[in-house]
Amino acid sequence: MQETILILDFGSQYTQLIARRLRELNVYCEIKPWNKPGELTPNIKGVILSGSPFSVRDEASPQPNLDVYRGKLPLLGVCFGAQFMANNYGGQVLPSETREYGRANLSFVNSNSTLLKDVRENSQVWMSHGDTIKKLPSTFKVICSTEDVEFAGYEIEDEQTYGIQFHPEVFHSEDGKFLLKNFIVDICKCKQDWTPDSFIDVTIEALKKQIGNDRVILGLSGGVDSSVAATLLHKAIGENLYCIFVDNGLLRKNEFEDVLASYKGLGLNVKGVDAKSNFYDALKGEADPEKKRKIIGGIFIDVFDEESKLVEDAKWLAQGTIYPDVIESVSATGGPSATIKSHHNVGGLPAYMKLKVVEPLRLLFKDEVRRVGTALGIPDFIIGRHPFPGPGLGIRILGDITAEKVRILQEVDHVFISSLKKWNLYDEVWQAGAMLLPVQTVGVMGDERTYENAVALRAVSSTDGMTADWSHLPYDFLAKVSNDIINNVKGINRVTYDISSKPPATIEWE
Ligand code: XMP
């Protein structure tokens, strides 16, 4: 069984970041709600207690039973986790009198502590807490401090138990990665053998066993997740994987043809379905964003269902669900709240299809999906592509949708995206696209007065789409793109650039 570090989640905004840091060190880990930790199997090599929005002094705060782990497995408490251990075993935690938020510098009390190997004295760490440990239990020994925090880190002699009040997982903790490595490699003795290649080997074997000779259908979207899921499955079950790629008429310019060709190049058994007119007919005259989404989702299911019926005796539906969608995160009320989303392209399939679901990527973060995809030989233009919403250009054409509006927006989007690539800016932004605005504006071209459409360009930096900043693209670039759009795309005489961040704005306009 795969060596695993168990991360008990107490609701910190940084819990997923801890997991990502461990995975970057090629050690597999799983996040579990503190009150649903699962069985303590022999493959679990150590336990990390996360931070929390709670104070250990709150009555409603999480109260894990640490005796299950303490002394039996290496234990690392981070922030709330460290404070909880100190408080629970006879120390004292009180509201801090000084500000313990932001940057601080470490001074060592015991530089021989294994946890501090390779961490530089005086290196910067990131603090983020309102409480502080005032007194340590007698067996807990301080290993490092900061100017304001006496017990920044501690260990328990003769036990592999550690606590730190700062956050090693955030970028601002300069040597945090060493500290985490010390814990998982030197203390927990993990072998660092969780790599894209090992994941691929293990997953292919598991898929072969799980699926046998059954037939599987999968809806490809052109995005990274479904492409990687399909390629893995193809390696496991070959021609028994039936991929369906639907052209909803709301994709980017040439996307359907280009992506279909590369899927075929990868050897996938894929059927491209041109359903443009089904979507345009159903969307006719509809201007409400949520209704448009529902129509697009509904027609997708109809088309997918029809196509699936042609695959006789299919038993499985494969989905590209990834780890952030399946982690049960602890909510502000302290209990686990499931944040399970359905994959946008195949979510809500009719119950009568009665297919079993297979999700080969459900344990991977997005960056890991990309690394696995590269190891599988999927071309960079699929691996590195920006996120693109399921309803596609349908929610970037403000108001009702027509084939002509789609054509105009595809041209605008194509100029913008290909220019980003040409100027080496594509990989710098997280997502980019164009919106066709339902306004006409006056312009002048040659001696003629024009009255045509305006478009808005949008490019953002983000890590997960939950928050986003508008990208500060160079003026020269924006000037050139604006010129190219107005000169080349018939029907457009004005280009604007969206300088709103999320929140309060959103990434899409609809
Ligand atoms: P917002 O506009 O909410 O977008 O800031 C956040 C991210 O989600 C994408 N998005 C969607 N994806 N179906 C999808 O599959 C949708 O209906 C949808 N709406 C927004 C958006 O492109 C961005 O990446």
# chains A, B, ... in the order shown; residues from 1 in each chain; ligands from 1
>>> residues_near_ligand(ligand="ligand 1", cutoff="8 Å", atoms="only C-alpha atoms and all ligand atoms", output="list in words")
Arg293, His343, His344, Asn345, Pro387, Phe388, Pro389, Gly390, Pro391, Gly392, Ile395, Gln431, Asp464, Gly465, Met466, Thr467, Ala468, Lys502, Ala505, Thr506, Ile507, Glu508, Trp509 and Glu510 of chain A
>>> select_by_dssp(residues="range 325-503 of chain A", states="strand (DSSP E or B)", output="PyMOL selection string")
chain A and resi 328-330+336-338+356-358+397+431-445+448-461+468-470+492-497+502
>>> atom_distance(atom1="CA of Pro168 in chain A", atom2="CA of Val78 in chain A")
8.2 Å
>>> residues_around(residues="Phe80 in chain A", least_positions_apart="3", cutoff="8 Å", atoms="only C-alpha atoms", output="list of chain:residue names")
A:Leu49, A:Ser50, A:Gly51, A:Ser52, A:Phe54, A:Ser55, A:Val56, A:Gly77, A:Gln83, A:Phe84, A:Gln165
